[in-house]
$ cat final.txt   # compact mmCIF, C-alpha atoms
# COMPACT_ATOMS: atom_id res chain seq x y z
CA MET N 176 22.90 36.59 -2.38
CA HIS N 177 23.29 33.66 0.02
CA LEU N 178 20.39 34.45 2.28
CA TYR N 179 18.46 31.79 4.20
CA ALA N 180 15.54 32.23 6.57
CA GLY N 181 14.43 30.05 9.46
CA LEU N 182 10.98 29.98 10.98
CA LEU N 183 11.51 28.53 14.45
CA HIS N 184 8.77 26.70 16.36
CA TYR N 185 11.27 25.76 19.08
CA PRO N 186 12.64 27.15 21.31
CA VAL N 187 10.12 29.98 21.51
CA TYR N 188 8.12 31.63 24.27
CA ASN N 189 4.42 31.35 25.00
CA LYS N 190 2.49 34.30 26.42
CA HIS N 191 3.71 33.47 29.94
CA TYR N 192 7.32 33.38 28.75
CA ASP N 193 7.65 29.65 29.23
CA THR N 194 9.80 27.95 26.61
CA ILE N 195 7.66 25.84 24.30
CA ALA N 196 7.47 24.18 20.91
CA SER N 197 4.68 25.98 19.04
CA ALA N 198 2.30 24.42 16.51
CA ILE N 199 2.84 25.01 12.81
CA THR N 200 0.45 27.49 11.16
CA THR N 201 -0.26 26.38 7.60
CA LEU N 202 -0.51 29.91 6.33
CA ASP N 203 2.98 30.71 7.64
CA LEU N 204 4.39 28.10 5.28
CA HIS N 205 2.61 29.64 2.31
CA ASP N 206 3.26 33.28 3.16
CA LEU N 207 6.91 32.84 4.04
CA SER N 208 7.63 30.55 1.08
CA ARG N 209 6.13 33.11 -1.30
CA LEU N 210 8.11 35.84 0.41
CA ALA N 211 11.36 33.85 0.23
CA LYS N 212 10.77 33.13 -3.46
CA THR N 213 9.93 36.76 -4.27
CA TYR N 214 13.08 38.06 -2.59
CA GLY N 215 15.42 35.40 -3.91
CA LEU N 216 16.24 33.62 -0.66
CA ARG N 217 18.07 30.33 -1.12
CA ARG N 218 15.89 28.38 1.27
CA LEU N 219 13.34 28.70 4.05
CA TYR N 220 13.79 26.30 6.96
CA VAL N 221 10.72 25.48 8.99
CA VAL N 222 12.15 24.25 12.27
CA THR N 223 10.24 22.02 14.67
CA PRO N 224 11.46 19.13 16.83
CA LEU N 225 7.94 17.61 17.00
CA GLU N 226 7.72 14.66 14.67
CA ASP N 227 3.97 14.86 14.09
CA GLN N 228 4.38 18.52 13.19
CA GLN N 229 7.21 17.67 10.81
CA ARG N 230 4.96 15.09 9.16
CA LEU N 231 2.11 17.60 8.89
CA ALA N 232 4.38 20.22 7.34
CA ARG N 233 5.89 17.70 4.91
CA ARG N 234 2.41 16.63 3.85
CA ILE N 235 1.45 20.22 3.13
CA LEU N 236 4.65 20.79 1.15
CA ALA N 237 4.14 17.55 -0.80
CA HIS N 238 0.56 18.49 -1.66
CA TRP N 239 1.68 21.76 -3.22
CA THR N 240 4.94 20.61 -4.79
CA THR N 241 4.12 17.14 -6.15
CA GLY N 242 0.45 16.49 -5.34
CA TYR N 243 -2.78 17.96 -6.64
CA GLY N 244 -1.87 21.46 -5.52
CA ALA N 245 1.09 21.49 -7.89
CA GLN N 246 -1.26 21.23 -10.87
CA TYR N 247 -3.84 23.54 -9.34
CA ASN N 248 -1.43 26.39 -8.70
CA ARG N 249 2.01 26.34 -10.31
CA ASP N 250 3.05 29.59 -8.63
CA ARG N 251 2.47 28.04 -5.25
CA LYS N 252 4.46 24.97 -6.27
CA GLU N 253 7.41 27.17 -7.20
CA ALA N 254 7.24 28.99 -3.86
CA LEU N 255 6.91 25.94 -1.63
CA ALA N 256 9.80 24.22 -3.40
CA VAL N 257 12.04 26.69 -1.57
CA THR N 258 10.97 25.34 1.84
CA THR N 259 12.43 22.50 3.93
CA ILE N 260 11.44 21.05 7.29
CA SER N 261 14.26 20.71 9.80
CA PRO N 262 14.28 19.23 13.33
CA SER N 263 16.52 21.90 14.87
CA LEU N 264 18.34 25.16 14.33
CA ASP N 265 21.65 23.28 14.52
CA ALA N 266 20.59 20.80 11.86
CA ALA N 267 19.47 23.60 9.55
CA ARG N 268 22.67 25.53 10.13
CA GLU N 269 24.80 22.48 9.35
CA GLU N 270 22.87 21.86 6.16
CA ILE N 271 23.51 25.46 5.08
CA ALA N 272 27.21 25.16 5.97
CA ASP N 273 27.49 21.99 3.85
CA GLN N 274 25.69 23.66 0.99
CA GLU N 275 27.67 26.91 1.03
CA GLY N 276 31.03 25.74 2.30
CA GLU N 277 30.95 28.34 5.08
CA ILE N 278 29.26 28.62 8.45
CA PRO N 279 26.31 31.02 8.06
CA LEU N 280 26.13 34.14 10.19
CA LEU N 281 23.10 33.86 12.48
CA ILE N 282 20.99 37.00 12.63
CA ALA N 283 18.07 36.74 15.06
CA THR N 284 15.00 38.97 14.99
CA ASP N 285 12.87 40.08 17.89
CA ALA N 286 10.04 42.53 18.51
CA GLY N 287 11.85 44.05 21.51
CA ARG N 288 15.42 45.02 22.18
CA GLN N 289 17.37 42.06 23.52
CA ALA N 290 20.83 41.67 24.97
CA GLY N 291 23.36 40.78 22.28
CA GLN N 292 25.22 42.34 19.41
CA ALA N 293 22.72 44.69 17.72
CA ILE N 294 22.80 45.19 13.98
CA SER N 295 20.93 47.77 11.89
CA TYR N 296 19.03 47.01 8.68
CA ARG N 297 21.66 48.81 6.66
CA GLU N 298 24.58 46.89 8.19
CA ALA N 299 22.79 43.56 7.89
CA GLY N 300 21.79 44.37 4.31
CA ASP N 301 25.44 45.18 3.53
CA LEU N 302 26.55 41.80 4.88
CA ILE N 303 23.92 40.04 2.80
CA VAL N 304 24.71 41.74 -0.49
CA SER N 305 28.45 41.26 0.15
CA ALA N 306 27.62 37.57 -0.47
CA ARG N 307 28.24 36.44 3.10
CA THR N 308 26.04 33.46 3.93
CA VAL N 309 23.39 34.68 6.37
CA PHE N 310 20.73 32.71 8.23
CA LEU N 311 17.94 35.02 9.37
CA LEU N 312 15.88 33.67 12.28
CA PHE N 313 12.24 34.38 13.03
CA GLY N 314 10.35 33.11 16.07
CA THR N 315 6.72 32.01 16.14
CA ALA N 316 4.40 32.39 19.18
CA TRP N 317 5.79 35.06 21.56
CA GLY N 318 9.21 35.09 19.93
CA LEU N 319 12.61 33.42 19.98
CA ASP N 320 13.90 32.01 23.23
CA ARG N 321 16.87 33.69 24.86
CA ALA N 322 18.95 30.60 24.08
CA VAL N 323 18.66 31.41 20.36
CA MET N 324 19.63 35.03 20.98
CA GLU N 325 22.74 33.83 22.80
CA GLN N 326 23.72 31.65 19.86
CA ALA N 327 23.15 34.42 17.32
CA ASP N 328 26.01 36.49 15.91
CA TYR N 329 23.74 39.52 15.68
CA ILE N 330 20.31 40.64 16.77
CA LEU N 331 18.53 42.77 14.20
CA ASP N 332 17.03 46.04 15.40
CA PRO N 333 13.29 45.71 16.19
CA ILE N 334 10.86 46.94 13.54
CA THR N 335 9.13 49.73 15.49
CA GLY N 336 6.22 51.12 13.51
CA ARG N 337 4.88 54.56 14.36
CA THR N 338 3.21 53.79 17.68
CA PRO N 339 4.16 52.08 20.95
CA TYR N 340 2.00 49.14 19.83
CA ASN N 341 4.35 46.43 18.72
CA HIS N 342 2.56 43.17 18.01
CA LEU N 343 2.93 42.12 14.41
CA SER N 344 2.38 38.57 13.23
CA VAL N 345 5.51 36.68 12.23
CA ARG N 346 4.22 36.72 8.64
CA THR N 347 4.00 40.49 8.39
CA ALA N 348 7.14 41.05 10.49
CA ALA N 349 9.19 38.73 8.26
CA ALA N 350 7.90 40.55 5.17
CA ILE N 351 8.93 43.94 6.54
CA VAL N 352 12.33 42.70 7.70
CA ILE N 353 13.23 41.02 4.42
CA ASP N 354 12.04 43.99 2.38
CA ARG N 355 14.09 46.35 4.55
CA LEU N 356 17.18 44.19 4.22
CA VAL N 357 17.21 43.46 0.51
CA GLY N 358 14.01 44.72 -1.09
CA ARG N 359 15.00 48.09 -2.44
CA ARG N 360 18.71 47.56 -2.25
CA ASP N 361 19.30 48.84 -5.78
CA VAL N 362 17.25 51.94 -5.15
CA GLN N 363 18.16 52.80 -1.59
CA ILE N 364 18.28 51.06 1.73
CA MET C 128 -1.31 61.12 9.80
CA HIS C 129 -4.77 60.54 8.34
CA LEU C 130 -4.13 57.17 6.77
CA TYR C 131 -6.84 54.56 6.26
CA ALA C 132 -6.56 51.13 4.69
CA GLY C 133 -9.19 49.05 2.93
CA LEU C 134 -9.09 45.30 2.42
CA LEU C 135 -11.43 44.67 -0.48
CA HIS C 136 -13.23 41.36 -1.03
CA TYR C 137 -15.21 42.89 -3.88
CA PRO C 138 -14.70 43.67 -6.69
CA VAL C 139 -11.64 41.44 -7.06
CA TYR C 140 -10.44 38.87 -9.59
CA ASN C 141 -10.30 35.12 -9.24
CA LYS C 142 -7.52 33.13 -10.91
CA HIS C 143 -9.41 33.20 -14.23
CA TYR C 144 -9.78 36.98 -14.02
CA ASP C 145 -13.51 36.85 -13.47
CA THR C 146 -14.82 39.50 -11.10
CA ILE C 147 -15.89 37.94 -7.82
CA ALA C 148 -16.59 38.60 -4.15
CA SER C 149 -13.92 36.63 -2.25
CA ALA C 150 -14.38 34.97 1.13
CA ILE C 151 -12.95 36.58 4.24
CA THR C 152 -9.79 34.99 5.65
CA THR C 153 -9.81 35.26 9.43
CA LEU C 154 -6.08 35.68 9.64
CA ASP C 155 -6.22 38.70 7.32
CA LEU C 156 -8.33 40.52 9.89
CA HIS C 157 -5.81 39.80 12.62
CA ASP C 158 -2.66 40.48 10.63
CA LEU C 159 -3.91 43.68 9.03
CA SER C 160 -5.45 45.03 12.23
CA ARG C 161 -2.17 44.51 14.07
CA LEU C 162 -0.32 46.14 11.20
CA ALA C 163 -2.71 49.11 11.13
CA LYS C 164 -2.35 49.55 14.87
CA THR C 165 1.45 49.29 14.78
CA TYR C 166 1.76 51.92 12.05
CA GLY C 167 -0.83 54.32 13.47
CA LEU C 168 -3.49 54.01 10.78
CA ARG C 169 -6.81 55.59 11.69
CA ARG C 170 -8.92 52.67 10.60
CA LEU C 171 -8.91 49.46 8.59
CA TYR C 172 -12.02 48.84 6.50
CA VAL C 173 -12.81 45.25 5.64
CA VAL C 174 -15.06 45.56 2.61
CA THR C 175 -17.49 42.86 1.53
CA PRO C 176 -21.01 43.13 0.08
CA LEU C 177 -21.91 39.61 1.23
CA GLU C 178 -24.09 39.81 4.31
CA ASP C 179 -23.14 36.41 5.71
CA GLN C 180 -19.49 37.38 5.39
CA GLN C 181 -20.16 40.69 7.11
CA ARG C 182 -21.81 38.79 9.96
CA LEU C 183 -18.89 36.38 10.20
CA ALA C 184 -16.38 39.21 10.29
CA ARG C 185 -18.39 41.12 12.89
CA ARG C 186 -18.57 38.02 15.05
CA ILE C 187 -14.80 37.64 14.91
CA LEU C 188 -14.28 41.30 15.77
CA ALA C 189 -16.79 41.12 18.64
CA HIS C 190 -15.09 38.03 20.06
CA TRP C 191 -11.77 39.82 20.27
CA THR C 192 -12.99 43.29 21.23
CA THR C 193 -15.80 42.60 23.70
CA GLY C 194 -16.05 38.80 24.05
CA TYR C 195 -13.79 36.22 25.64
CA GLY C 196 -10.88 37.07 23.35
CA ALA C 197 -10.74 40.59 24.80
CA GLN C 198 -9.81 39.17 28.20
CA TYR C 199 -7.60 36.47 26.78
CA ASN C 200 -5.45 38.85 24.74
CA ARG C 201 -5.63 42.58 25.39
CA ASP C 202 -3.14 43.38 22.64
CA ARG C 203 -5.40 41.73 20.09
CA LYS C 204 -8.39 43.66 21.44
CA GLU C 205 -6.53 46.90 20.91
CA ALA C 206 -5.62 45.96 17.35
CA LEU C 207 -9.04 44.73 16.24
CA ALA C 208 -10.71 47.84 17.65
CA VAL C 209 -9.17 49.67 14.68
CA THR C 210 -11.16 47.55 12.22
CA THR C 211 -14.64 48.10 10.74
CA ILE C 212 -16.73 46.07 8.32
CA SER C 213 -18.15 47.99 5.38
CA PRO C 214 -20.46 46.86 2.54
CA SER C 215 -18.68 48.77 -0.22
CA LEU C 216 -15.74 50.94 -1.14
CA ASP C 217 -18.11 53.88 -1.59
CA ALA C 218 -19.61 53.43 1.86
CA ALA C 219 -16.18 53.26 3.46
CA ARG C 220 -15.02 56.32 1.55
CA GLU C 221 -18.06 58.31 2.62
CA GLU C 222 -17.52 57.34 6.22
CA ILE C 223 -13.92 58.57 6.02
CA ALA C 224 -15.04 61.82 4.34
CA ASP C 225 -17.56 62.41 7.15
CA GLN C 226 -14.93 61.69 9.75
CA GLU C 227 -12.17 63.83 8.27
CA GLY C 228 -14.16 66.58 6.59
CA GLU C 229 -12.39 65.91 3.30
CA ILE C 230 -12.70 63.33 0.53
CA PRO C 231 -9.84 60.86 0.94
CA LEU C 232 -7.38 60.33 -1.88
CA LEU C 233 -7.73 56.77 -3.14
CA ILE C 234 -4.44 54.98 -3.67
CA ALA C 235 -4.85 51.47 -5.10
CA THR C 236 -2.20 48.74 -4.90
CA ASP C 237 -1.52 45.97 -7.36
CA ALA C 238 1.12 43.31 -7.94
CA GLY C 239 1.49 44.31 -11.59
CA ARG C 240 1.68 47.60 -13.41
CA GLN C 241 -1.82 48.81 -14.26
CA ALA C 242 -3.11 51.66 -16.36
CA GLY C 243 -3.72 54.78 -14.29
CA GLN C 244 -1.77 57.52 -12.54
CA ALA C 245 1.28 55.82 -11.04
CA ILE C 246 2.72 57.02 -7.76
CA SER C 247 6.03 56.07 -6.09
CA TYR C 248 6.43 55.10 -2.45
CA ARG C 249 8.23 58.35 -1.79
CA GLU C 250 5.53 60.52 -3.37
CA ALA C 251 2.73 58.63 -1.67
CA GLY C 252 4.58 58.79 1.66
CA ASP C 253 4.96 62.55 1.20
CA LEU C 254 1.21 62.91 0.66
CA ILE C 255 0.49 60.88 3.76
CA VAL C 256 2.83 62.72 6.10
CA SER C 257 1.58 66.05 4.70
CA ALA C 258 -1.62 65.13 6.59
CA ARG C 259 -3.72 64.61 3.46
CA THR C 260 -6.43 62.01 4.11
CA VAL C 261 -5.44 58.89 2.17
CA PHE C 262 -7.36 55.63 1.71
CA LEU C 263 -5.00 52.85 0.69
CA LEU C 264 -6.69 49.92 -1.07
CA PHE C 265 -5.62 46.29 -1.05
CA GLY C 266 -7.29 43.50 -3.01
CA THR C 267 -7.77 39.93 -1.84
CA ALA C 268 -7.81 36.87 -4.17
CA TRP C 269 -6.07 37.74 -7.50
CA GLY C 270 -6.22 41.47 -6.86
CA LEU C 271 -8.37 44.56 -7.30
CA ASP C 272 -10.75 44.73 -10.21
CA ARG C 273 -10.04 47.23 -12.95
CA ALA C 274 -13.14 49.19 -11.86
CA VAL C 275 -11.37 50.04 -8.59
CA MET C 276 -8.23 51.09 -10.47
CA GLU C 277 -10.34 53.43 -12.56
CA GLN C 278 -11.83 55.04 -9.47
CA ALA C 279 -8.44 55.47 -7.80
CA ASP C 280 -6.58 58.77 -7.82
CA TYR C 281 -3.26 56.93 -7.91
CA ILE C 282 -1.91 53.44 -8.37
CA LEU C 283 1.06 52.67 -6.18
CA ASP C 284 4.11 51.16 -7.85
CA PRO C 285 4.21 47.36 -7.54
CA ILE C 286 6.45 45.91 -4.84
CA THR C 287 8.91 43.91 -7.01
CA GLY C 288 11.20 41.84 -4.83
CA ARG C 289 14.48 40.62 -6.28
CA THR C 290 13.19 37.99 -8.69
CA PRO C 291 10.58 37.80 -11.45
CA TYR C 292 8.40 35.82 -9.02
CA ASN C 293 5.72 38.15 -7.80
CA HIS C 294 3.07 36.36 -5.77
CA LEU C 295 2.94 37.67 -2.23
CA SER C 296 -0.05 37.19 0.03
CA VAL C 297 -2.11 40.29 0.71
CA ARG C 298 -0.95 40.12 4.32
CA THR C 299 2.75 40.29 3.53
CA ALA C 300 2.23 42.73 0.64
CA ALA C 301 0.26 45.14 2.85
CA ALA C 302 2.97 44.96 5.49
CA ILE C 303 5.70 45.82 2.99
CA VAL C 304 3.66 48.64 1.42
CA ILE C 305 2.75 50.30 4.71
CA ASP C 306 6.30 50.01 6.03
CA ARG C 307 7.67 51.53 2.82
CA LEU C 308 5.18 54.39 2.96
CA VAL C 309 5.42 55.43 6.59
CA GLY C 310 7.56 52.96 8.51
CA ARG C 311 10.95 54.59 8.52
CA ARG C 312 9.79 58.03 7.54
CA ASP C 313 11.84 59.71 10.28
CA VAL C 314 14.95 57.81 9.32
CA GLN C 315 14.74 57.73 5.56
CA ILE C 316 12.22 56.75 2.94
$ encode --input "final.txt" --output "structure tokens"
Amino acid sequence: MHLYAGLLHYPVYNKHYDTIASAITTLDLHDLSRLAKTYGLRRLYVVTPLEDQQRLARRILAHWTTGYGAQYNRDRKEALAVTTISPSLDAAREEIADQEGEIPLLIATDAGRQAGQAISYREAGDLIVSARTVFLLFGTAWGLDRAVMEQADYILDPITGRTPYNHLSVRTAAAIVIDRLVGRRDVQI
Amino acid sequence: MHLYAGLLHYPVYNKHYDTIASAITTLDLHDLSRLAKTYGLRRLYVVTPLEDQQRLARRILAHWTTGYGAQYNRDRKEALAVTTISPSLDAAREEIADQEGEIPLLIATDAGRQAGQAISYREAGDLIVSARTVFLLFGTAWGLDRAVMEQADYILDPITGRTPYNHLSVRTAAAIVIDRLVGRRDVQI
């Protein structure tokens, strides 16, 4: 499996649908790192162009991977070692391409249906287990900017629970998406 | 669907497997309320015997359901309205029994395999969509105390990702569990 995830803090929407760079939420780093580690992702990219936010995120990662946190909680160390800070989607994508020797497919996620090439969980899961390099993109704040959708090869079907209410956190949405894509692949998908 | 969830802060384990009452994490209330609302759960019980923690949690709920937060973010108001604070598992269970006119089945969750009557996602999902009242229990900190497992009618199979690493946050674990149980029930499960 050559699966990568990106947690984008830019470009994303705020509640008024302006394009912004959102602030990093510490707990996102922990939850998504643990998720990535549990499901065998190759790397989690935390993307932000803001240098102070990059520094903050790197300090958190260092605390848990080489600092006091690494002794305090070895499980957390193992999880956060899977995570890298990157200044842009392009930079992260290039790093993956260098690593894998192929350009990753970009699959964007969104809570609503967006213009673009839709892909189901089954189809996307098939691509991933076929060993294609895939970069799965999650947006913070009110979701990924249209510019990311336009760059993406595919847009994954929205989650849709059992009600019209459709406002999950990026932490819980990412967990559901990754479990649907590869979680019970041996059993059924 | 007569599905309820409980987020237990007591009795749970700390990292040394002592039984403790854990502190409430604000983000848990938000993430799990939004999840409960998205998947059509009847109610989320946040269980803690600590009175200062109950007050804290009630203040957070009030802020988002009747205070400034309710105007600021109506979606959040709708989600947090699904959530109640309860002093104990027994109190929450009695409240559900009064509400539904039947004792709820207790299904406990755990990251590892525990002694008790195991149940698969498919079987548990069948119970839930058969309209049986079910109370699904999640533990904070290092997980539910054995005493809760012994009270439970069933213990849901652990999640297991794709690696031996098995340390999800309760937020992401609850999301995966609820999606597996009822999320794509119409499509496949």
$ closest_atom_pairs --input "final.txt" --of "chain C" --to "chain N" --cutoff "7 Å" --atoms "only C-alpha atoms" --output "CSV"
residue,atom,partner,partner_atom,distance
C:Asp158,CA,N:Ser344,CA,6.0
C:Arg161,CA,N:Leu343,CA,5.6
C:Leu162,CA,N:Leu343,CA,6.1
C:Lys164,CA,N:Tyr340,CA,6.6
C:Thr165,CA,N:Tyr340,CA,5.1
C:Tyr166,CA,N:Arg337,CA,4.7
C:Gly167,CA,N:Arg337,CA,5.8
C:Gly288,CA,N:Tyr214,CA,4.8
C:Arg289,CA,N:Tyr214,CA,4.7
C:Thr290,CA,N:Thr213,CA,5.6
C:Tyr292,CA,N:Thr213,CA,5.1
C:Asn293,CA,N:Thr213,CA,5.7
C:His294,CA,N:Arg209,CA,6.3
C:Leu295,CA,N:Arg209,CA,5.6
C:Ser296,CA,N:Asp206,CA,6.0
C:Arg298,CA,N:Thr347,CA,6.4
C:Thr299,CA,N:Thr347,CA,5.0
C:Ala302,CA,N:Thr347,CA,5.4
C:Ile303,CA,N:Ile351,CA,5.2
C:Asp306,CA,N:Ile351,CA,6.6
C:Gly310,CA,N:Gly336,CA,5.5
$ write_last_selection --input "final.txt" --atoms "C-alpha atoms" --output "short mmCIF file (atom, residue, chain, number, x, y, z; two decimals), in the coordinates of the input"
data_model
loop_
_atom_site.label_atom_id
_atom_site.label_comp_id
_atom_site.auth_asym_id
_atom_site.auth_seq_id
_atom_site.Cartn_x
_atom_site.Cartn_y
_atom_site.Cartn_z
CA ASP C 158 -2.66 40.48 10.63
CA ARG C 161 -2.17 44.51 14.07
CA LEU C 162 -0.32 46.14 11.20
CA LYS C 164 -2.35 49.55 14.87
CA THR C 165 1.45 49.29 14.78
CA TYR C 166 1.76 51.92 12.05
CA GLY C 167 -0.83 54.32 13.47
CA GLY C 288 11.20 41.84 -4.83
CA ARG C 289 14.48 40.62 -6.28
CA THR C 290 13.19 37.99 -8.69
CA TYR C 292 8.40 35.82 -9.02
CA ASN C 293 5.72 38.15 -7.80
CA HIS C 294 3.07 36.36 -5.77
CA LEU C 295 2.94 37.67 -2.23
CA SER C 296 -0.05 37.19 0.03
CA ARG C 298 -0.95 40.12 4.32
CA THR C 299 2.75 40.29 3.53
CA ALA C 302 2.97 44.96 5.49
CA ILE C 303 5.70 45.82 2.99
CA ASP C 306 6.30 50.01 6.03
CA GLY C 310 7.56 52.96 8.51
#
$ residues_near_point --input "final.txt" --point "(21.7, 41.2, 16.8)" --cutoff "12 Å" --atoms "all atoms listed in the file" --output "ChimeraX atom specification"
/N:280-296,298-299,311-312,323-333
$ closest_residue --input "final.txt" --among "N:Asp203, N:Pro262, N:Val187, N:Ala267" --to "N:Leu236" --atoms "all atoms listed in the file"
N:Asp203
$ atom_distance --input "final.txt" --atom1 "atom CA of N:Pro224" --atom2 "atom CA of N:Gly244"
26.1 Å
$ atom_distance --input "final.txt" --atom1 "atom CA of N:Asn189" --atom2 "atom CA of N:Gly314"
10.9 Å
$ atom_distance --input "final.txt" --atom1 "atom CA of N:Arg217" --atom2 "atom CA of N:Thr259"
10.9 Å
$ build_atoms --input "final.txt" --residues "stretch 299-321 of chain N" --atoms "N, CA and C atoms" --output "CSV table (one decimal), in the coordinates of the input"
chain,number,residue,atom,x,y,z
N,299,ALA,N,23.1,45.0,8.2
N,299,ALA,CA,22.8,43.6,7.9
N,299,ALA,C,22.6,43.4,6.4
N,300,GLY,N,22.0,44.4,5.8
N,300,GLY,CA,21.8,44.4,4.3
N,300,GLY,C,23.1,44.4,3.6
N,301,ASP,N,24.1,45.1,4.1
N,301,ASP,CA,25.4,45.2,3.5
N,301,ASP,C,26.1,43.8,3.6
N,302,LEU,N,26.0,43.2,4.7
N,302,LEU,CA,26.6,41.8,4.9
N,302,LEU,C,25.9,40.9,3.8
N,303,ILE,N,24.6,41.0,3.7
N,303,ILE,CA,23.9,40.0,2.8
N,303,ILE,C,24.3,40.3,1.3
N,304,VAL,N,24.4,41.5,0.9
N,304,VAL,CA,24.7,41.7,-0.5
N,304,VAL,C,26.2,41.6,-0.7
N,305,SER,N,27.0,41.5,0.3
N,305,SER,CA,28.4,41.3,0.2
N,305,SER,C,28.7,39.8,-0.1
N,306,ALA,N,27.6,39.0,-0.1
N,306,ALA,CA,27.6,37.6,-0.5
N,306,ALA,C,28.0,36.7,0.7
N,307,ARG,N,28.1,37.3,1.9
N,307,ARG,CA,28.2,36.4,3.1
N,307,ARG,C,27.0,35.6,3.3
N,308,THR,N,27.2,34.3,3.7
N,308,THR,CA,26.0,33.5,3.9
N,308,THR,C,25.4,33.8,5.3
N,309,VAL,N,24.1,34.2,5.2
N,309,VAL,CA,23.4,34.7,6.4
N,309,VAL,C,22.1,33.8,6.6
N,310,PHE,N,21.9,33.5,7.8
N,310,PHE,CA,20.7,32.7,8.2
N,310,PHE,C,19.9,33.6,9.2
N,311,LEU,N,18.8,34.0,8.7
N,311,LEU,CA,17.9,35.0,9.4
N,311,LEU,C,16.8,34.3,10.1
N,312,LEU,N,16.8,34.5,11.4
N,312,LEU,CA,15.9,33.7,12.3
N,312,LEU,C,14.6,34.4,12.8
N,313,PHE,N,13.5,33.8,12.6
N,313,PHE,CA,12.2,34.4,13.0
N,313,PHE,C,11.6,33.4,14.0
N,314,GLY,N,11.0,34.0,15.1
N,314,GLY,CA,10.4,33.1,16.1
N,314,GLY,C,8.8,33.2,15.9
N,315,THR,N,8.2,32.0,16.1
N,315,THR,CA,6.7,32.0,16.1
N,315,THR,C,6.3,32.3,17.6
N,316,ALA,N,5.0,32.2,17.8
N,316,ALA,CA,4.4,32.4,19.2
N,316,ALA,C,4.9,33.7,19.7
N,317,TRP,N,5.4,33.8,21.0
N,317,TRP,CA,5.8,35.1,21.6
N,317,TRP,C,7.3,35.4,21.3
N,318,GLY,N,7.9,34.7,20.3
N,318,GLY,CA,9.2,35.1,19.9
N,318,GLY,C,10.3,34.1,20.3
N,319,LEU,N,11.5,34.3,19.8
N,319,LEU,CA,12.6,33.4,20.0
N,319,LEU,C,13.1,33.4,21.4
N,320,ASP,N,13.4,32.2,21.9
N,320,ASP,CA,13.9,32.0,23.2
N,320,ASP,C,15.3,32.7,23.3
N,321,ARG,N,15.6,33.1,24.6
N,321,ARG,CA,16.9,33.7,24.9
N,321,ARG,C,18.1,32.8,24.4
